[in-house]
file run.txt (compact mmCIF, C-alpha atoms)
# COMPACT_ATOMS: atom_id res chain seq x y z
CA MET A 2 82.29 -41.37 22.28
CA THR A 3 84.69 -39.37 24.44
CA ILE A 4 83.17 -36.16 25.80
CA SER A 5 85.93 -33.78 26.85
CA ALA A 6 83.95 -30.78 28.12
CA PRO A 7 82.15 -30.90 31.49
CA SER A 8 78.44 -31.55 31.16
CA PHE A 9 76.22 -28.57 31.89
CA ARG A 10 74.08 -31.00 33.91
CA THR A 11 76.72 -31.41 36.61
CA ALA A 12 78.85 -28.29 36.11
CA THR A 13 80.00 -26.24 39.09
CA PRO A 14 79.02 -22.57 39.41
CA GLN A 15 82.40 -21.57 37.97
CA GLN A 16 82.00 -23.94 35.03
CA LEU A 17 78.46 -22.70 34.45
CA ALA A 18 79.67 -19.10 34.45
CA HIS A 19 82.24 -19.92 31.78
CA ALA A 20 79.65 -21.80 29.72
CA LEU A 21 77.11 -18.96 29.97
CA ARG A 22 79.70 -16.46 28.73
CA GLN A 23 80.66 -18.79 25.92
CA ALA A 24 77.04 -19.35 24.89
CA ARG A 25 76.26 -15.63 24.84
CA SER A 26 79.39 -14.93 22.82
CA ASN A 27 78.29 -17.57 20.30
CA THR A 28 74.77 -16.12 20.15
CA LEU A 29 76.04 -12.63 19.42
CA ALA A 30 78.62 -13.85 16.88
CA LEU A 31 75.83 -15.60 14.95
CA PHE A 32 73.65 -12.51 15.29
CA GLU A 33 76.38 -10.45 13.62
CA CYS A 34 76.15 -12.74 10.57
CA PHE A 35 72.51 -11.79 10.11
CA LEU A 36 73.23 -8.11 10.69
CA ALA A 37 75.98 -8.22 8.06
CA ALA A 38 73.33 -9.45 5.61
CA GLY A 39 71.05 -6.52 6.45
CA MET A 40 68.60 -8.51 8.57
CA ASP A 41 68.33 -6.06 11.44
CA GLN A 42 64.52 -6.01 11.56
CA PRO A 43 61.92 -8.81 11.25
CA THR A 44 60.52 -7.40 8.00
CA GLN A 45 63.89 -8.01 6.32
CA VAL A 46 63.74 -11.76 7.01
CA PRO A 47 61.70 -14.26 4.94
CA GLN A 48 58.71 -15.54 6.88
CA LEU A 49 59.35 -19.28 6.88
CA ARG A 50 57.62 -21.94 8.95
CA TYR A 51 60.61 -23.12 10.98
CA LEU A 52 62.46 -19.81 11.17
CA ASN A 53 62.33 -16.93 13.64
CA PRO A 54 63.46 -13.39 12.85
CA PRO A 55 67.02 -13.30 14.30
CA VAL A 56 66.35 -10.03 16.14
CA TRP A 57 63.39 -11.69 17.84
CA GLU A 58 65.31 -14.89 18.58
CA VAL A 59 68.24 -13.09 20.21
CA GLY A 60 65.91 -11.04 22.38
CA HIS A 61 63.99 -14.19 23.31
CA ILE A 62 67.21 -15.96 24.38
CA ALA A 63 68.15 -13.19 26.81
CA TRP A 64 64.53 -12.84 27.98
CA VAL A 65 64.38 -16.54 28.97
CA ALA A 66 67.53 -16.19 31.08
CA GLU A 67 66.07 -13.13 32.75
CA TRP A 68 62.73 -14.90 33.30
CA TYR A 69 64.04 -18.04 35.03
CA ILE A 70 67.10 -16.59 36.79
CA LEU A 71 66.73 -12.87 37.51
CA ARG A 72 62.94 -12.94 37.88
CA ALA A 73 63.02 -16.35 39.58
CA ALA A 74 60.05 -17.73 37.64
CA SER A 75 59.02 -21.16 38.90
CA SER A 76 57.45 -22.03 35.55
CA SER A 77 56.61 -20.55 32.16
CA ASP A 78 53.22 -19.38 33.44
CA PRO A 79 52.98 -15.57 33.06
CA GLN A 80 52.01 -15.28 36.74
CA ASP A 81 55.07 -17.13 38.04
CA ALA A 82 57.79 -14.51 37.54
CA GLN A 83 58.83 -11.83 40.01
CA GLY A 84 59.23 -8.17 39.06
CA ASN A 85 59.31 -6.63 35.61
CA CYS A 86 61.42 -7.24 32.52
CA LEU A 87 64.42 -4.96 31.99
CA LEU A 88 62.76 -4.01 28.69
CA SER A 89 59.46 -2.25 29.16
CA ARG A 90 57.72 -4.39 26.53
CA GLY A 91 59.92 -7.47 26.86
CA ASP A 92 57.18 -9.82 28.04
CA SER A 93 54.85 -8.90 25.20
CA TRP A 94 57.66 -9.20 22.64
CA PHE A 95 59.67 -12.26 23.67
CA ASP A 96 57.46 -14.70 25.57
CA ALA A 97 57.18 -17.45 22.95
CA ASN A 98 54.14 -18.92 24.67
CA ARG A 99 52.17 -15.68 24.25
CA VAL A 100 53.46 -14.59 20.84
CA PRO A 101 52.26 -16.63 17.82
CA HIS A 102 54.96 -17.42 15.29
CA ALA A 103 53.59 -15.17 12.54
CA GLN A 104 53.30 -12.23 14.91
CA ARG A 105 57.07 -12.18 15.49
CA TRP A 106 57.50 -10.50 12.09
CA ARG A 107 55.09 -7.68 12.97
CA PHE A 108 56.81 -6.17 16.00
CA ASP A 109 58.73 -2.92 15.92
CA LEU A 110 61.56 -4.40 17.99
CA PRO A 111 64.47 -2.50 19.54
CA ALA A 112 67.45 -1.73 17.33
CA PRO A 113 70.18 -4.38 17.26
CA GLY A 114 72.45 -2.21 19.42
CA ALA A 115 69.77 -1.97 22.11
CA LEU A 116 69.17 -5.74 21.96
CA LYS A 117 72.89 -6.44 22.35
CA THR A 118 72.98 -4.10 25.35
CA TYR A 119 70.05 -6.03 26.83
CA CYS A 120 71.90 -9.33 26.24
CA HIS A 121 75.01 -8.02 28.00
CA GLU A 122 73.03 -6.54 30.90
CA VAL A 123 71.13 -9.77 31.51
CA LEU A 124 74.32 -11.84 31.37
CA ASP A 125 76.17 -9.54 33.78
CA ARG A 126 73.35 -9.76 36.31
CA VAL A 127 73.04 -13.52 35.85
CA LEU A 128 76.76 -14.05 36.48
CA ASP A 129 76.69 -11.81 39.54
CA LYS A 130 73.80 -13.80 40.99
CA LEU A 131 75.41 -17.12 40.07
CA MET A 132 78.58 -16.33 42.04
CA ARG A 133 76.45 -16.10 45.20
CA GLU A 134 74.69 -19.44 44.68
CA PRO A 135 75.58 -22.65 46.55
CA ASP A 136 76.86 -25.57 44.51
CA GLU A 137 73.54 -27.40 44.84
CA ALA A 138 71.30 -28.84 42.14
CA LEU A 139 68.17 -26.91 43.12
CA ALA A 140 69.95 -23.56 43.23
CA LEU A 141 71.73 -24.14 39.90
CA TYR A 142 68.73 -25.57 38.03
CA PRO A 143 67.57 -22.23 36.50
CA TYR A 144 71.09 -21.52 35.21
CA ARG A 145 71.32 -24.94 33.60
CA LEU A 146 67.87 -24.52 32.09
CA ALA A 147 68.74 -21.12 30.60
CA LEU A 148 72.10 -22.37 29.30
CA ALA A 149 70.51 -25.39 27.59
CA HIS A 150 67.89 -23.11 26.07
CA GLU A 151 70.54 -20.76 24.66
CA ASP A 152 72.61 -23.64 23.30
CA ARG A 153 69.57 -25.08 21.52
CA HIS A 154 68.75 -21.70 20.01
CA GLY A 155 72.38 -21.22 19.01
CA GLU A 156 72.12 -24.36 16.91
CA ALA A 157 68.84 -23.05 15.48
CA LEU A 158 70.51 -19.76 14.53
CA LEU A 159 73.27 -21.63 12.72
CA ALA A 160 70.66 -23.72 10.87
CA ALA A 161 68.90 -20.47 9.91
CA LEU A 162 72.10 -19.16 8.34
CA GLN A 163 72.19 -22.31 6.22
CA VAL A 164 68.52 -21.94 5.25
CA LEU A 165 69.01 -18.32 4.23
CA GLY A 166 72.27 -19.00 2.37
CA LEU A 167 74.36 -16.75 4.61
CA ALA A 168 77.97 -17.09 5.70
CA ALA A 169 78.61 -18.47 9.19
CA PRO A 170 81.60 -18.30 11.55
CA GLU A 171 84.12 -20.88 10.36
CA LEU A 172 84.52 -22.60 13.73
CA ALA A 173 80.75 -23.10 13.97
CA THR A 174 80.59 -25.08 10.73
CA GLN A 175 83.42 -27.54 11.36
CA VAL A 176 82.19 -31.14 11.50
CA ARG A 177 83.75 -33.31 14.19
CA GLN A 178 85.88 -35.75 12.24
CA LEU A 179 85.51 -39.23 13.69
CA ALA A 180 88.21 -41.42 12.18
CA TYR A 181 87.07 -45.01 12.40
CA ALA A 182 86.28 -47.74 9.91
CA PRO A 183 82.59 -48.35 9.18
CA THR A 184 81.38 -51.69 10.43
CA GLU A 185 78.30 -53.38 11.80
CA ILE A 186 78.11 -54.00 15.53
CA ALA A 187 76.14 -56.88 17.00
CA PHE A 188 74.69 -56.06 20.41
CA PRO A 189 73.52 -58.91 22.64
CA GLY A 190 70.57 -57.03 24.11
CA GLY A 191 69.45 -57.41 27.68
CA SER A 192 68.18 -55.07 30.37
CA ILE A 193 68.72 -51.33 30.56
CA ASP A 194 67.37 -48.43 32.59
CA ILE A 195 66.28 -45.79 30.08
CA GLY A 196 66.06 -42.12 30.95
CA SER A 197 67.13 -40.08 33.96
CA ALA A 198 66.22 -40.69 37.57
CA ARG A 199 64.41 -38.03 39.55
CA GLY A 200 66.90 -36.32 41.80
CA ALA A 201 69.53 -36.07 39.04
CA ALA A 202 71.40 -32.75 39.03
CA PHE A 203 69.53 -31.84 35.84
CA ALA A 204 67.19 -33.64 33.47
CA PHE A 205 64.71 -32.48 30.85
CA ASP A 206 61.14 -33.38 31.68
CA ASN A 207 60.85 -35.84 28.78
CA GLU A 208 63.82 -37.83 30.13
CA LEU A 209 61.94 -38.59 33.34
CA GLN A 210 61.19 -41.04 34.85
CA ALA A 211 63.95 -43.63 34.45
CA HIS A 212 62.41 -47.01 33.73
CA HIS A 213 63.51 -50.57 33.11
CA CYS A 214 63.47 -51.93 29.54
CA ARG A 215 64.36 -55.16 27.83
CA VAL A 216 66.26 -54.92 24.54
CA ALA A 217 66.30 -57.80 22.06
CA PRO A 218 69.60 -58.57 20.30
CA PHE A 219 70.22 -56.25 17.35
CA SER A 220 72.88 -55.19 14.85
CA MET A 221 73.59 -51.54 14.13
CA ASP A 222 75.96 -49.59 11.88
CA SER A 223 78.91 -48.05 13.67
CA THR A 224 78.78 -45.07 11.31
CA LEU A 225 76.21 -42.69 9.93
CA VAL A 226 75.08 -43.17 6.34
CA SER A 227 77.47 -41.23 4.11
CA ASN A 228 76.85 -38.91 1.19
CA ALA A 229 78.23 -41.55 -1.15
CA GLN A 230 75.87 -44.20 0.18
CA PHE A 231 72.88 -41.90 -0.08
CA ALA A 232 73.93 -40.85 -3.58
CA ASP A 233 73.62 -44.50 -4.62
CA PHE A 234 70.01 -44.42 -3.46
CA VAL A 235 69.38 -41.19 -5.36
CA ASP A 236 71.08 -42.44 -8.54
CA ASP A 237 69.05 -45.64 -8.37
CA GLY A 238 65.88 -43.56 -8.63
CA GLY A 239 65.07 -43.81 -4.94
CA TYR A 240 63.00 -40.64 -4.97
CA ASP A 241 60.92 -41.95 -7.88
CA GLN A 242 60.12 -45.42 -6.52
CA ARG A 243 57.09 -45.12 -4.28
CA GLN A 244 57.53 -48.61 -2.79
CA PHE A 245 60.31 -47.19 -0.59
CA TRP A 246 58.17 -44.41 0.85
CA SER A 247 55.61 -44.55 3.64
CA PRO A 248 52.18 -43.08 2.82
CA ALA A 249 53.07 -39.92 4.75
CA GLY A 250 56.46 -39.80 3.03
CA ALA A 251 54.93 -40.23 -0.42
CA ASP A 252 52.49 -37.42 0.33
CA TRP A 253 55.35 -35.15 1.42
CA LEU A 254 57.38 -36.10 -1.65
CA MET A 255 54.52 -35.33 -4.01
CA ARG A 256 54.14 -31.85 -2.51
CA GLN A 257 57.90 -31.17 -2.66
CA GLU A 258 58.71 -32.66 -6.05
CA ARG A 259 62.15 -33.46 -4.75
CA SER A 260 64.63 -35.86 -6.34
CA ALA A 261 67.60 -35.45 -3.96
CA PRO A 262 68.29 -34.15 -0.44
CA ARG A 263 67.85 -30.48 0.33
CA TYR A 264 70.79 -28.36 -0.91
CA TRP A 265 72.08 -31.03 -3.35
CA GLN A 266 72.73 -29.96 -6.96
CA ARG A 267 73.79 -32.15 -9.87
CA ASP A 268 76.92 -30.92 -11.66
CA GLY A 269 77.64 -33.29 -14.52
CA ALA A 270 78.70 -36.62 -13.07
CA GLN A 271 79.10 -35.33 -9.53
CA TRP A 272 76.99 -33.85 -6.78
CA ARG A 273 77.53 -30.44 -5.25
CA CYS A 274 75.79 -28.85 -2.29
CA MET A 275 75.13 -25.42 -0.83
CA ARG A 276 76.81 -24.88 2.53
CA PHE A 277 76.22 -21.51 4.17
CA GLY A 278 75.87 -19.70 0.89
CA ARG A 279 78.73 -21.43 -0.92
CA LEU A 280 78.52 -24.17 -3.53
CA ALA A 281 80.90 -26.99 -2.62
CA THR A 282 81.70 -30.44 -3.95
CA LEU A 283 79.85 -33.05 -1.93
CA ALA A 284 82.34 -35.04 0.15
CA GLY A 285 81.40 -38.69 -0.29
CA ALA A 286 82.77 -39.87 3.04
CA GLU A 287 80.93 -37.29 5.14
CA PRO A 288 77.59 -38.23 6.69
CA VAL A 289 74.60 -37.14 4.67
CA ARG A 290 72.81 -34.24 6.35
CA HIS A 291 69.56 -32.29 6.11
CA LEU A 292 67.40 -35.39 5.76
CA ASN A 293 63.90 -35.58 7.13
CA LEU A 294 62.36 -38.70 8.64
CA TYR A 295 60.67 -39.72 5.41
CA GLU A 296 63.94 -39.63 3.47
CA ALA A 297 65.69 -41.61 6.20
CA GLN A 298 62.94 -44.23 6.15
CA ALA A 299 62.98 -44.46 2.34
CA TYR A 300 66.74 -44.99 2.28
CA CYS A 301 66.40 -47.77 4.84
CA ALA A 302 63.67 -49.46 2.79
CA TRP A 303 65.83 -49.28 -0.34
CA ALA A 304 68.84 -50.68 1.53
CA GLY A 305 66.84 -53.48 3.21
CA ARG A 306 67.55 -51.96 6.60
CA ARG A 307 65.63 -50.07 9.29
CA LEU A 308 66.06 -47.16 11.68
CA PRO A 309 67.01 -48.00 15.27
CA THR A 310 64.54 -47.47 18.07
CA GLU A 311 65.56 -44.87 20.60
CA ILE A 312 66.03 -47.64 23.20
CA GLU A 313 68.44 -49.45 20.87
CA TRP A 314 70.29 -46.20 20.24
CA GLU A 315 70.67 -45.46 23.95
CA TYR A 316 71.73 -49.05 24.62
CA ALA A 317 74.42 -48.79 21.95
CA ALA A 318 75.61 -45.38 23.10
CA ARG A 319 75.93 -46.54 26.69
CA SER A 320 77.51 -49.88 25.82
CA GLY A 321 81.06 -48.56 25.71
CA HIS A 322 81.67 -50.34 22.40
CA PRO A 323 84.80 -48.68 20.95
CA ALA A 324 83.45 -48.65 17.37
CA PHE A 325 80.18 -46.89 18.20
CA ARG A 326 80.73 -43.15 17.88
CA TRP A 327 78.23 -40.34 17.65
CA GLY A 328 78.09 -36.55 17.64
CA GLN A 329 78.39 -35.52 13.99
CA LEU A 330 74.66 -35.23 13.23
CA TRP A 331 71.38 -35.75 15.02
CA GLU A 332 70.04 -39.20 14.16
CA TRP A 333 66.46 -40.06 13.32
CA THR A 334 65.04 -43.02 15.20
CA ALA A 335 62.03 -45.23 14.55
CA THR A 336 60.38 -44.00 17.76
CA PRO A 337 57.53 -41.48 17.93
CA PHE A 338 58.03 -38.88 20.67
CA GLU A 339 55.95 -39.99 23.63
CA PRO A 340 56.20 -39.40 27.40
CA TYR A 341 58.02 -41.81 29.65
CA PRO A 342 56.01 -43.37 32.49
CA GLU A 343 55.03 -40.92 35.26
CA PHE A 344 55.74 -37.91 33.05
CA GLN A 345 55.27 -34.49 34.63
CA PRO A 346 55.88 -31.19 32.81
CA GLY A 347 58.94 -29.30 34.01
CA PRO A 348 59.20 -25.55 34.66
CA GLU A 349 59.43 -24.97 30.89
CA ARG A 350 55.94 -26.42 30.62
CA GLU A 351 55.57 -26.16 26.85
CA TYR A 352 58.92 -27.80 26.06
CA SER A 353 57.72 -31.40 25.60
CA GLN A 354 54.03 -31.94 26.25
CA PRO A 355 52.60 -30.19 23.14
CA CYS A 356 54.92 -32.26 20.93
CA PHE A 357 53.96 -35.75 22.09
CA SER A 358 52.58 -38.00 19.32
CA SER A 359 53.15 -35.45 16.51
CA HIS A 360 56.98 -35.44 16.69
CA GLN A 361 59.68 -38.07 16.22
CA VAL A 362 62.66 -38.79 18.46
CA LEU A 363 66.18 -37.97 17.33
CA ARG A 364 69.21 -39.03 19.33
CA GLY A 365 72.86 -38.03 19.57
CA ALA A 366 74.11 -34.54 18.74
CA SER A 367 75.46 -32.58 15.78
CA PHE A 368 78.66 -30.73 15.00
CA ALA A 369 76.74 -27.57 16.00
CA THR A 370 75.89 -28.91 19.47
CA PRO A 371 78.24 -27.67 22.23
CA GLN A 372 80.01 -30.58 23.89
CA ARG A 373 78.60 -29.59 27.27
CA MET A 374 75.16 -30.53 25.94
CA LEU A 375 76.09 -34.07 24.86
CA SER A 376 74.31 -36.84 26.72
CA ASP A 377 73.34 -40.36 25.69
CA ARG A 378 70.00 -39.78 27.48
CA PHE A 379 69.04 -36.57 25.67
CA ARG A 380 65.85 -36.85 23.59
CA TYR A 381 65.74 -34.40 20.69
CA PHE A 382 62.43 -34.29 18.80
CA HIS A 383 60.99 -32.71 15.70
CA VAL A 384 58.17 -33.15 13.21
CA PRO A 385 58.94 -35.74 10.51
CA GLU A 386 59.19 -33.24 7.63
CA ARG A 387 61.96 -31.11 9.18
CA ASP A 388 65.01 -31.15 6.89
CA ASP A 389 66.58 -27.80 7.77
CA LEU A 390 68.30 -29.22 10.85
CA PHE A 391 71.66 -30.96 11.05
CA THR A 392 70.14 -34.43 10.87
CA GLY A 393 71.23 -37.75 9.38
CA LEU A 394 70.76 -41.45 10.06
CA ARG A 395 72.36 -44.76 10.81
CA THR A 396 70.72 -48.10 10.06
CA CYS A 397 70.01 -51.41 11.77
CA ALA A 398 69.58 -54.90 10.37
CA TRP A 399 66.15 -56.49 10.52
CA PRO A 400 65.91 -59.32 13.07
CA ARG A 401 66.45 -62.75 11.58
call {"tool": "encode", "arguments": {"input": "run.txt", "output": "structure tokens"}}
result
Amino acid sequence: MTISAPSFRTATPQQLAHALRQARSNTLALFECFLAAGMDQPTQVPQLRYLNPPVWEVGHIAWVAEWYILRAASSSDPQDAQGNCLLSRGDSWFDANRVPHAQRWRFDLPAPGALKTYCHEVLDRVLDKLMREPDEALALYPYRLALAHEDRHGEALLAALQVLGLAAPELATQVRQLAYAPTEIAFPGGSIDIGSARGAAFAFDNELQAHHCRVAPFSMDSTLVSNAQFADFVDDGGYDQRQFWSPAGADWLMRQERSAPRYWQRDGAQWRCMRFGRLATLAGAEPVRHLNLYEAQAYCAWAGRRLPTEIEWEYAARSGHPAFRWGQLWEWTATPFEPYPEFQPGPEREYSQPCFSSHQVLRGASFATPQRMLSDRFRYFHVPERDDLFTGLRTCAWPR
């Protein structure tokens, strides 16, 4: 895949400044979509497991930038920041590590106008400080950390608009069209260094330490599974045939009583789907999205295929093979989320460690991921039942 935008991991101060402005503009544009729907206080937002009240989330985004950059916090520990928050109650409102999820609906938060003022004030001070920093990895680390955090939450805000059936900015919903013929690619396997080396300009803690791996030969699809392909599974009764589902998947399916992917609706002989509050005809050639791990595994079992391991995925992505493209949807892998050897928590201490063993690795990126975030080493991770995210799958052949 060709990545045209400079990576935030190696960006110069000037490039980081541009990216931080762009990220904050995106955050506030998405925020306006919620405000237009009357969701200007937490009590006006449904309390769902994987959703935050938008007014809380926007405040949290700015608070994190203030915490790591303006207050020079060395970690997420409450004792490690300097000075006070620009908002008198900011720490008690927006520190995700001290505020349980359910409590975020109970705060009497500032009005949207005051929150937007806070966002602008934090950004202005961040940019002023950034312009006085040397172009060195250690000095720029907090800016890269805050930018990555805002970009991740921007994708979460867009996913929340989909969950709530609200309109989204048109540019934010455009899928990257990758024009190439689907095929199967045979990779010879061999040796590969997985992960990022310590001393890299920026790496997430779960990408460290780089380590040597052997990869057996394997064959992988060049494309993601399409809506049309997944519709064949659905029409063949895939959701009703328990032999395709893992025990955990069958348990999830029984509790959901689902017979098709989230947002799909049968309309006569064709499928339609809800996209940001609008009912649209399902495009057969587009990759199927909003699948959880169990659905991805069941499709593979039905098709006589399997999910790739994350090592196979990284090997393929770094191979330079012209047919292997990625970046339309996050891709489930067969790999549980576990630490690499010599793991140490980073400054954002709660980012990875609490999720080991209970989460599954996804690789790639989605149409909602800014290009500056794209990296073939990035390890996304979520619990297996998540289907609100922009996730899909590609398959591998079983070894012969």
call {"tool": "closest_residue", "arguments": {"input": "run.txt", "among": "A:Pro170, A:Pro79, A:Gly200, A:Pro218", "to": "Cys397 of chain A", "atoms": "all atoms listed in the file"}}
result
A:Pro218
call {"tool": "atom_distance", "arguments": {"input": "run.txt", "atom1": "atom CA of Ala284 of chain A", "atom2": "atom CA of Pro262 of chain A"}}
result
14.1 Å
call {"tool": "residues_around", "arguments": {"input": "run.txt", "residues": "segment 64-72 of chain A", "least_positions_apart": "2", "cutoff": "7 Å", "atoms": "all atoms listed in the file", "output": "ChimeraX atom specification"}}
result
/A:60-62,74,82-84,95,123,127,143-144,147
call {"tool": "residues_around", "arguments": {"input": "run.txt", "residues": "segment 323-332 of chain A", "least_positions_apart": "5", "cutoff": "6 Å", "atoms": "all atoms listed in the file", "output": "PyMOL selection string"}}
result
chain A and resi 2+177+223+363-368+391-394
call {"tool": "residues_around", "arguments": {"input": "run.txt", "residues": "Glu313 of chain A", "least_positions_apart": "6", "cutoff": "9 Å", "atoms": "all atoms listed in the file", "output": "PyMOL selection string"}}
result
chain A and resi 190+216-217+219+221
call {"tool": "closest_residue", "arguments": {"input": "run.txt", "among": "A:Asp237, A:Asp41, A:Asp389, A:Glu122", "to": "Arg290 of chain A", "atoms": "only C-alpha atoms"}}
result
A:Asp389
